[in-house]
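Participant: work-v5.pdb is reproduced below (PDB, C-alpha atoms).
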ATOM      1  CA  GLY K 237     109.350  80.072 103.141  1.00  0.00           C
ATOM      2  CA  GLU K 238     108.449  82.778 105.583  1.00  0.00           C
ATOM      3  CA  ASP K 239     105.112  82.499 107.293  1.00  0.00           C
ATOM      4  CA  VAL K 240     103.796  84.524 110.220  1.00  0.00           C
ATOM      5  CA  GLU K 241     100.640  83.508 112.050  1.00  0.00           C
ATOM      6  CA  GLN K 242      98.416  85.024 114.715  1.00  0.00           C
ATOM      7  CA  SER K 243      95.080  84.251 116.309  1.00  0.00           C
ATOM      8  CA  LEU K 244      92.354  86.278 114.627  1.00  0.00           C
ATOM      9  CA  PHE K 245      90.456  87.438 117.701  1.00  0.00           C
ATOM     10  CA  LEU K 246      91.055  88.243 121.373  1.00  0.00           C
ATOM     11  CA  SER K 247      88.574  89.616 123.900  1.00  0.00           C
ATOM     12  CA  VAL K 248      89.775  91.052 127.207  1.00  0.00           C
ATOM     13  CA  ARG K 249      88.046  92.802 130.091  1.00  0.00           C
ATOM     14  CA  GLU K 250      88.986  96.406 130.671  1.00  0.00           C
ATOM     15  CA  GLY K 251      91.782  96.615 133.219  1.00  0.00           C
ATOM     16  CA  ASP K 252      93.049  93.089 132.559  1.00  0.00           C
ATOM     17  CA  SER K 253      96.212  92.249 130.645  1.00  0.00           C
ATOM     18  CA  SER K 254      96.049  91.316 126.967  1.00  0.00           C
ATOM     19  CA  VAL K 255      98.476  88.838 125.489  1.00  0.00           C
ATOM     20  CA  ILE K 256      98.691  88.644 121.723  1.00  0.00           C
ATOM     21  CA  ASN K 257     100.701  85.775 120.290  1.00  0.00           C
ATOM     22  CA  CYS K 258     102.582  85.351 117.033  1.00  0.00           C
ATOM     23  CA  THR K 259     104.473  82.417 115.557  1.00  0.00           C
ATOM     24  CA  TYR K 260     106.755  82.365 112.564  1.00  0.00           C
ATOM     25  CA  THR K 261     108.360  79.631 110.537  1.00  0.00           C
ATOM     26  CA  ASP K 262     111.721  80.875 109.321  1.00  0.00           C
ATOM     27  CA  SER K 263     114.733  81.019 111.592  1.00  0.00           C
ATOM     28  CA  SER K 264     116.491  83.803 109.720  1.00  0.00           C
ATOM     29  CA  SER K 265     114.567  86.545 111.491  1.00  0.00           C
ATOM     30  CA  THR K 266     116.457  89.673 112.469  1.00  0.00           C
ATOM     31  CA  TYR K 267     113.945  92.182 113.803  1.00  0.00           C
ATOM     32  CA  LEU K 268     110.376  91.560 114.963  1.00  0.00           C
ATOM     33  CA  TYR K 269     107.782  94.306 115.204  1.00  0.00           C
ATOM     34  CA  TRP K 270     104.350  94.981 116.625  1.00  0.00           C
ATOM     35  CA  TYR K 271     102.043  97.390 114.820  1.00  0.00           C
ATOM     36  CA  LYS K 272      98.581  98.669 115.772  1.00  0.00           C
ATOM     37  CA  GLN K 273      95.909  99.450 113.188  1.00  0.00           C
ATOM     38  CA  GLU K 274      92.744 101.296 114.080  1.00  0.00           C
ATOM     39  CA  PRO K 275      89.733 101.208 111.714  1.00  0.00           C
ATOM     40  CA  GLY K 276      90.411 102.913 108.397  1.00  0.00           C
ATOM     41  CA  ALA K 277      93.895 103.964 109.418  1.00  0.00           C
ATOM     42  CA  GLY K 278      97.448 103.044 108.618  1.00  0.00           C
ATOM     43  CA  LEU K 279      99.797 101.137 110.883  1.00  0.00           C
ATOM     44  CA  GLN K 280     101.272 102.602 114.024  1.00  0.00           C
ATOM     45  CA  LEU K 281     104.570 101.158 115.207  1.00  0.00           C
ATOM     46  CA  LEU K 282     104.228 100.101 118.845  1.00  0.00           C
ATOM     47  CA  THR K 283     107.526  98.423 119.597  1.00  0.00           C
ATOM     48  CA  TYR K 284     110.145  96.113 118.150  1.00  0.00           C
ATOM     49  CA  ILE K 285     112.764  93.676 119.340  1.00  0.00           C
ATOM     50  CA  PHE K 286     116.005  92.413 117.921  1.00  0.00           C
ATOM     51  CA  SER K 287     116.248  88.654 117.515  1.00  0.00           C
ATOM     52  CA  ASN K 288     119.039  88.295 120.080  1.00  0.00           C
ATOM     53  CA  MET K 289     116.827  89.764 122.809  1.00  0.00           C
ATOM     54  CA  ASP K 290     114.410  87.823 124.997  1.00  0.00           C
ATOM     55  CA  MET K 291     112.312  90.646 126.358  1.00  0.00           C
ATOM     56  CA  LYS K 292     111.652  94.311 125.922  1.00  0.00           C
ATOM     57  CA  GLN K 293     109.396  96.477 128.082  1.00  0.00           C
ATOM     58  CA  ASP K 294     108.081  99.902 127.237  1.00  0.00           C
ATOM     59  CA  GLN K 295     105.511 101.327 129.658  1.00  0.00           C
ATOM     60  CA  ARG K 296     102.400  99.126 129.380  1.00  0.00           C
ATOM     61  CA  LEU K 297     103.870  97.012 126.600  1.00  0.00           C
ATOM     62  CA  THR K 298     106.036  93.937 127.119  1.00  0.00           C
ATOM     63  CA  VAL K 299     107.424  91.921 124.221  1.00  0.00           C
ATOM     64  CA  LEU K 300     108.656  88.382 124.793  1.00  0.00           C
ATOM     65  CA  LEU K 301     110.621  86.451 122.201  1.00  0.00           C
ATOM     66  CA  ASN K 302     111.287  82.721 122.290  1.00  0.00           C
ATOM     67  CA  LYS K 303     113.528  82.246 119.317  1.00  0.00           C
ATOM     68  CA  LYS K 304     113.854  78.516 119.839  1.00  0.00           C
ATOM     69  CA  ASP K 305     110.101  78.081 119.530  1.00  0.00           C
ATOM     70  CA  LYS K 306     109.786  80.961 117.006  1.00  0.00           C
ATOM     71  CA  HIS K 307     107.174  82.569 119.232  1.00  0.00           C
ATOM     72  CA  LEU K 308     106.631  86.263 119.844  1.00  0.00           C
ATOM     73  CA  SER K 309     104.101  87.809 122.207  1.00  0.00           C
ATOM     74  CA  LEU K 310     102.874  91.273 123.078  1.00  0.00           C
ATOM     75  CA  ARG K 311     101.465  91.894 126.528  1.00  0.00           C
ATOM     76  CA  ILE K 312      99.411  95.027 127.140  1.00  0.00           C
ATOM     77  CA  ALA K 313      98.989  95.737 130.844  1.00  0.00           C
ATOM     78  CA  ASP K 314      95.859  97.415 132.202  1.00  0.00           C
ATOM     79  CA  THR K 315      94.039  97.199 128.885  1.00  0.00           C
ATOM     80  CA  GLN K 316      91.892 100.227 128.073  1.00  0.00           C
ATOM     81  CA  THR K 317      89.103 100.840 125.573  1.00  0.00           C
ATOM     82  CA  GLY K 318      91.523 102.828 123.434  1.00  0.00           C
ATOM     83  CA  ASP K 319      93.549  99.669 122.943  1.00  0.00           C
ATOM     84  CA  SER K 320      90.797  98.211 120.752  1.00  0.00           C
ATOM     85  CA  ALA K 321      92.387  97.688 117.348  1.00  0.00           C
ATOM     86  CA  ILE K 322      93.997  95.096 115.119  1.00  0.00           C
ATOM     87  CA  TYR K 323      97.522  94.182 116.140  1.00  0.00           C
ATOM     88  CA  PHE K 324      99.972  92.909 113.548  1.00  0.00           C
ATOM     89  CA  CYS K 325     103.244  91.254 114.231  1.00  0.00           C
ATOM     90  CA  ALA K 326     105.792  91.622 111.456  1.00  0.00           C
ATOM     91  CA  VAL K 327     109.068  89.828 110.994  1.00  0.00           C
ATOM     92  CA  LEU K 328     112.084  91.064 109.064  1.00  0.00           C
ATOM     93  CA  PHE K 329     113.676  87.997 107.595  1.00  0.00           C
ATOM     94  CA  GLY K 330     117.121  87.598 106.115  1.00  0.00           C
ATOM     95  CA  ASN K 331     115.858  88.647 102.682  1.00  0.00           C
ATOM     96  CA  GLU K 332     115.114  92.042 104.203  1.00  0.00           C
ATOM     97  CA  LYS K 333     111.422  91.839 103.463  1.00  0.00           C
ATOM     98  CA  LEU K 334     108.898  92.544 106.151  1.00  0.00           C
ATOM     99  CA  THR K 335     106.328  89.768 106.448  1.00  0.00           C
ATOM    100  CA  PHE K 336     103.129  90.484 108.336  1.00  0.00           C
ATOM    101  CA  GLY K 337     100.987  88.183 110.384  1.00  0.00           C
ATOM    102  CA  THR K 338      97.275  87.868 109.808  1.00  0.00           C
ATOM    103  CA  GLY K 339      96.469  90.395 112.535  1.00  0.00           C
ATOM    104  CA  THR K 340      94.649  89.923 115.861  1.00  0.00           C
ATOM    105  CA  ARG K 341      91.530  91.936 116.507  1.00  0.00           C
ATOM    106  CA  LEU K 342      91.518  92.969 120.168  1.00  0.00           C
ATOM    107  CA  THR K 343      88.112  93.697 121.664  1.00  0.00           C
ATOM    108  CA  ILE K 344      87.789  95.263 125.103  1.00  0.00           C
ATOM    109  CA  ILE K 345      84.864  94.184 127.254  1.00  0.00           C
ATOM    110  CA  PRO K 346      83.669  96.958 129.612  1.00  0.00           C
TER     111      PRO K 346
ATOM    112  CA  GLY B 115     104.384 113.821 114.824  1.00  0.00           C
ATOM    113  CA  ALA B 116     103.758 112.026 111.555  1.00  0.00           C
ATOM    114  CA  VAL B 117     106.753 110.573 109.821  1.00  0.00           C
ATOM    115  CA  VAL B 118     104.949 109.634 106.625  1.00  0.00           C
ATOM    116  CA  SER B 119     102.241 111.569 104.813  1.00  0.00           C
ATOM    117  CA  GLN B 120     100.026 109.743 102.332  1.00  0.00           C
ATOM    118  CA  HIS B 121      97.443 111.373 100.057  1.00  0.00           C
ATOM    119  CA  PRO B 122      94.659 111.139  99.231  1.00  0.00           C
ATOM    120  CA  SER B 123      93.070 109.267 102.095  1.00  0.00           C
ATOM    121  CA  ARG B 124      90.112 108.138 100.032  1.00  0.00           C
ATOM    122  CA  VAL B 125      89.296 107.945  96.343  1.00  0.00           C
ATOM    123  CA  ILE B 126      86.064 106.915  94.676  1.00  0.00           C
ATOM    124  CA  CYS B 127      86.105 106.859  90.895  1.00  0.00           C
ATOM    125  CA  LYS B 128      84.717 105.181  87.822  1.00  0.00           C
ATOM    126  CA  SER B 129      86.163 102.104  86.206  1.00  0.00           C
ATOM    127  CA  GLY B 130      88.892 102.957  83.697  1.00  0.00           C
ATOM    128  CA  THR B 131      90.210 105.952  85.633  1.00  0.00           C
ATOM    129  CA  SER B 132      93.870 106.177  86.593  1.00  0.00           C
ATOM    130  CA  VAL B 133      94.535 107.127  90.193  1.00  0.00           C
ATOM    131  CA  LYS B 134      97.744 108.534  91.661  1.00  0.00           C
ATOM    132  CA  ILE B 135      98.639 108.088  95.334  1.00  0.00           C
ATOM    133  CA  GLU B 136     101.446 110.084  96.932  1.00  0.00           C
ATOM    134  CA  CYS B 137     103.687 109.048  99.779  1.00  0.00           C
ATOM    135  CA  ARG B 138     105.949 111.612 101.416  1.00  0.00           C
ATOM    136  CA  SER B 139     108.691 111.089 103.942  1.00  0.00           C
ATOM    137  CA  LEU B 140     108.534 114.028 106.342  1.00  0.00           C
ATOM    138  CA  ASP B 141     111.411 113.450 108.751  1.00  0.00           C
ATOM    139  CA  PHE B 142     114.226 112.041 106.680  1.00  0.00           C
ATOM    140  CA  GLN B 143     115.415 111.317 103.200  1.00  0.00           C
ATOM    141  CA  ALA B 144     114.189 107.919 102.114  1.00  0.00           C
ATOM    142  CA  THR B 145     116.012 106.051  99.402  1.00  0.00           C
ATOM    143  CA  THR B 146     113.556 103.219  99.824  1.00  0.00           C
ATOM    144  CA  MET B 147     109.800 103.270 100.215  1.00  0.00           C
ATOM    145  CA  PHE B 148     107.393 100.357 100.206  1.00  0.00           C
ATOM    146  CA  TRP B 149     103.894  99.960  98.822  1.00  0.00           C
ATOM    147  CA  TYR B 150     101.456  97.508 100.407  1.00  0.00           C
ATOM    148  CA  ARG B 151      97.942  96.442  99.623  1.00  0.00           C
ATOM    149  CA  GLN B 152      95.423  95.330 102.217  1.00  0.00           C
ATOM    150  CA  PHE B 153      92.120  93.670 101.384  1.00  0.00           C
ATOM    151  CA  PRO B 154      89.284  93.848 103.955  1.00  0.00           C
ATOM    152  CA  LYS B 155      89.967  91.812 107.081  1.00  0.00           C
ATOM    153  CA  GLN B 156      93.303  90.659 105.689  1.00  0.00           C
ATOM    154  CA  SER B 157      96.932  91.358 106.335  1.00  0.00           C
ATOM    155  CA  LEU B 158      99.262  93.604 104.370  1.00  0.00           C
ATOM    156  CA  MET B 159     100.855  92.258 101.228  1.00  0.00           C
ATOM    157  CA  LEU B 160     103.969  93.902  99.849  1.00  0.00           C
ATOM    158  CA  MET B 161     103.410  95.038  96.273  1.00  0.00           C
ATOM    159  CA  ALA B 162     106.690  96.685  95.441  1.00  0.00           C
ATOM    160  CA  THR B 163     109.806  98.352  96.761  1.00  0.00           C
ATOM    161  CA  SER B 164     110.296 101.867  95.462  1.00  0.00           C
ATOM    162  CA  ASN B 165     113.922 102.874  94.945  1.00  0.00           C
ATOM    163  CA  GLU B 166     114.904 106.512  94.538  1.00  0.00           C
ATOM    164  CA  GLY B 167     116.402 107.162  91.138  1.00  0.00           C
ATOM    165  CA  SER B 168     115.885 103.655  89.808  1.00  0.00           C
ATOM    166  CA  LYS B 169     113.178 101.216  88.868  1.00  0.00           C
ATOM    167  CA  ALA B 170     110.903  99.765  91.473  1.00  0.00           C
ATOM    168  CA  THR B 171     111.161  96.118  92.444  1.00  0.00           C
ATOM    169  CA  TYR B 172     107.815  94.371  92.139  1.00  0.00           C
ATOM    170  CA  GLU B 173     106.690  91.306  94.042  1.00  0.00           C
ATOM    171  CA  GLN B 174     105.655  88.216  92.189  1.00  0.00           C
ATOM    172  CA  GLY B 175     102.172  88.523  90.743  1.00  0.00           C
ATOM    173  CA  VAL B 176     102.065  92.326  90.795  1.00  0.00           C
ATOM    174  CA  GLU B 177     101.698  93.866  87.339  1.00  0.00           C
ATOM    175  CA  LYS B 178     104.259  96.622  86.933  1.00  0.00           C
ATOM    176  CA  ASP B 179     102.359  98.141  84.003  1.00  0.00           C
ATOM    177  CA  LYS B 180      99.224  98.280  86.112  1.00  0.00           C
ATOM    178  CA  PHE B 181     100.819  99.759  89.215  1.00  0.00           C
ATOM    179  CA  LEU B 182     103.290 102.420  88.138  1.00  0.00           C
ATOM    180  CA  ILE B 183     105.743 103.573  90.761  1.00  0.00           C
ATOM    181  CA  ASN B 184     107.837 106.711  90.552  1.00  0.00           C
ATOM    182  CA  HIS B 185     110.389 107.680  93.187  1.00  0.00           C
ATOM    183  CA  ALA B 186     111.870 110.826  91.742  1.00  0.00           C
ATOM    184  CA  SER B 187     113.081 112.401  94.969  1.00  0.00           C
ATOM    185  CA  LEU B 188     114.256 111.318  98.395  1.00  0.00           C
ATOM    186  CA  THR B 189     110.994 112.411  99.976  1.00  0.00           C
ATOM    187  CA  LEU B 190     108.319 111.402  97.483  1.00  0.00           C
ATOM    188  CA  SER B 191     107.127 108.173  95.924  1.00  0.00           C
ATOM    189  CA  THR B 192     103.953 107.873  93.872  1.00  0.00           C
ATOM    190  CA  LEU B 193     101.844 104.853  92.995  1.00  0.00           C
ATOM    191  CA  THR B 194      99.578 105.167  89.969  1.00  0.00           C
ATOM    192  CA  VAL B 195      96.871 102.581  89.490  1.00  0.00           C
ATOM    193  CA  THR B 196      96.309 102.711  85.746  1.00  0.00           C
ATOM    194  CA  SER B 197      92.897 102.054  84.208  1.00  0.00           C
ATOM    195  CA  ALA B 198      91.530 100.945  87.549  1.00  0.00           C
ATOM    196  CA  HIS B 199      88.792  98.336  87.737  1.00  0.00           C
ATOM    197  CA  PRO B 200      86.575  97.206  90.623  1.00  0.00           C
ATOM    198  CA  GLU B 201      88.972  94.392  91.518  1.00  0.00           C
ATOM    199  CA  ASP B 202      91.618  97.051  92.218  1.00  0.00           C
ATOM    200  CA  SER B 203      89.494  98.427  95.050  1.00  0.00           C
ATOM    201  CA  SER B 204      91.556  98.055  98.179  1.00  0.00           C
ATOM    202  CA  PHE B 205      93.426  99.845 100.944  1.00  0.00           C
ATOM    203  CA  TYR B 206      96.874 100.931  99.750  1.00  0.00           C
ATOM    204  CA  ILE B 207      99.505 101.812 102.346  1.00  0.00           C
ATOM    205  CA  CYS B 208     103.009 103.123 101.872  1.00  0.00           C
ATOM    206  CA  SER B 209     105.866 102.882 104.300  1.00  0.00           C
ATOM    207  CA  VAL B 210     109.233 104.495 104.655  1.00  0.00           C
ATOM    208  CA  GLY B 211     112.425 102.880 105.845  1.00  0.00           C
ATOM    209  CA  ALA B 212     115.269 104.892 107.284  1.00  0.00           C
ATOM    210  CA  GLY B 213     117.702 103.483 104.763  1.00  0.00           C
ATOM    211  CA  ASN B 214     119.008 100.939 107.219  1.00  0.00           C
ATOM    212  CA  SER B 215     117.017  97.770 106.749  1.00  0.00           C
ATOM    213  CA  ASN B 216     117.193  97.127 110.478  1.00  0.00           C
ATOM    214  CA  GLN B 217     115.255 100.266 111.324  1.00  0.00           C
ATOM    215  CA  PRO B 218     111.481  99.957 111.602  1.00  0.00           C
ATOM    216  CA  GLN B 219     109.297 101.004 108.742  1.00  0.00           C
ATOM    217  CA  HIS B 220     106.909 103.858 109.397  1.00  0.00           C
ATOM    218  CA  PHE B 221     103.562 103.730 107.652  1.00  0.00           C
ATOM    219  CA  GLY B 222     101.309 106.304 106.074  1.00  0.00           C
ATOM    220  CA  ASP B 223      97.634 106.481 106.966  1.00  0.00           C
ATOM    221  CA  GLY B 224      96.647 104.600 103.833  1.00  0.00           C
ATOM    222  CA  THR B 225      94.453 105.328 100.824  1.00  0.00           C
ATOM    223  CA  ARG B 226      91.129 103.603 100.446  1.00  0.00           C
ATOM    224  CA  LEU B 227      90.459 103.183  96.734  1.00  0.00           C
ATOM    225  CA  SER B 228      86.951 102.338  95.597  1.00  0.00           C
ATOM    226  CA  ILE B 229      86.329 101.746  91.911  1.00  0.00           C
ATOM    227  CA  LEU B 230      82.712 101.804  90.797  1.00  0.00           C
TER     228      LEU B 230
END
Just give me the structure of the file as structure tokens.
Facilitator:
Amino acid sequence: GEDVEQSLFLSVREGDSSVINCTYTDSSSTYLYWYKQEPGAGLQLLTYIFSNMDMKQDQRLTVLLNKKDKHLSLRIADTQTGDSAIYFCAVLFGNEKLTFGTGTRLTIIP
Amino acid sequence: GAVVSQHPSRVICKSGTSVKIECRSLDFQATTMFWYRQFPKQSLMLMATSNEGSKATYEQGVEKDKFLINHASLTLSTLTVTSAHPEDSSFYICSVGAGNSNQPQHFGDGTRLSIL
């Protein structure tokens, strides 16, 4: 079945880079997404990557995909206090259902 | 600007009350909308897929008579939690797909439902 996993917590000093990791178990993935959720709010789409891509960069965000290892990562450069949130990776599998990871809570240390 | 509008943002009501949550697609006509449920400190779980003009498709374990979904137009889907009880308290979030399953889903701001 489809399973998507993330580390629950990540703490990073302000100005450093944050790397949030995600692994998934099914090889029929098509699109992979990163969403940001701030307290009490819905999900904000940050970026997404098609499964035949290895990397995608958008300003401070860099997504890396290792399809062989079923590993997805999101790198946030120059992390700021406003980046504090929960980050969810989500994978669109062949059954066209979006499966979410457990979410990683990113805490910024001043 | 917002792509999806969800109302209300918060509901507090007594046990036994039925609660309706609206999800509107602002930027495009959505034949498909999705309803998710999120318990505290947990991930999102898909409850059902709302299909315009036809019956919703419910995920395993979700009671269709408890969570009524209506998708009467291309811009509006509603979720009604019937005879809500404290165990129904949760964060409910809708999302809209662009009709092409490869396009990302855009999410509403969610509705926090608290049943006393």
Participant: So, counting only C-alpha atoms, which residue among B:Phe221, B:Phe153, B:Phe148, B:Phe142 is closest to chain K?
Facilitator: B:Phe221
Participant: Compute the chain K side of the contact with chain B at 6 Å, counting only C-alpha atoms, and hand it back as an NGL selection string.
Facilitator: :K and (277-279 or 338)
Participant: Can I get the selected residues back with C-alpha atoms, as a short mmCIF file (atom, residue, chain, number, x, y, z; two decimals), in the frame of the given file?
Facilitator:
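Listed below is the output, result-v1.cif:
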data_model
loop_
_atom_site.label_atom_id
_atom_site.label_comp_id
_atom_site.auth_asym_id
_atom_site.auth_seq_id
_atom_site.Cartn_x
_atom_site.Cartn_y
_atom_site.Cartn_z
CA ALA K 277 93.90 103.96 109.42
CA GLY K 278 97.45 103.04 108.62
CA LEU K 279 99.80 101.14 110.88
CA THR K 338 97.28 87.87 109.81
#
Participant: Taking the file above as input, evaluate the PyMOL selection byres ((chain K and resi 339) around 6) and report the hits as JSON, numbers by chain.
Facilitator: {"K": [322, 323, 324, 337, 338, 340]}
Participant: Decode the PyMOL selection byres ((chain B and resi 118) around 6) for the given file into explicit residues and return them as a list in words.
Facilitator: Ala116, Val117, Ser119, Arg138, Ser139, Leu140 and Gly222 of chain B
Participant: For the atom pair CA of Ser309 (chain K) and CA of Arg249 (chain K), what is the interatomic distance in Å to one decimal place?
Facilitator: 18.6 Å
Participant: Selected by the PyMOL selection byres ((chain B and resi 166-170) around 12) in the shown coordinates: which residues, as a PyMOL selection string?
Facilitator: chain B and resi 143-149+161-165+171-173+176-179+181-193+210+213
Participant: Can you work out which one of K:Gly330, K:Gly251, K:Pro346, K:Gly318 has the shortest atom-to-atom distance to Lys272 (chain K), counting all atoms listed in the file?
Facilitator: K:Gly318
Participant: Provide the CA of Thr283 (chain K) to CA of Gln316 (chain K) distance in Å, to one decimal place.
Facilitator: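 CA of Thr283 (chain K) sits 17.9 Å away from CA of Gln316 (chain K).
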Participant: In Å, how far is it from CA of Phe245 (chain K) to CA of Asp202 (chain B)?
Facilitator: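 Those two atoms sit 27.3 Å apart.
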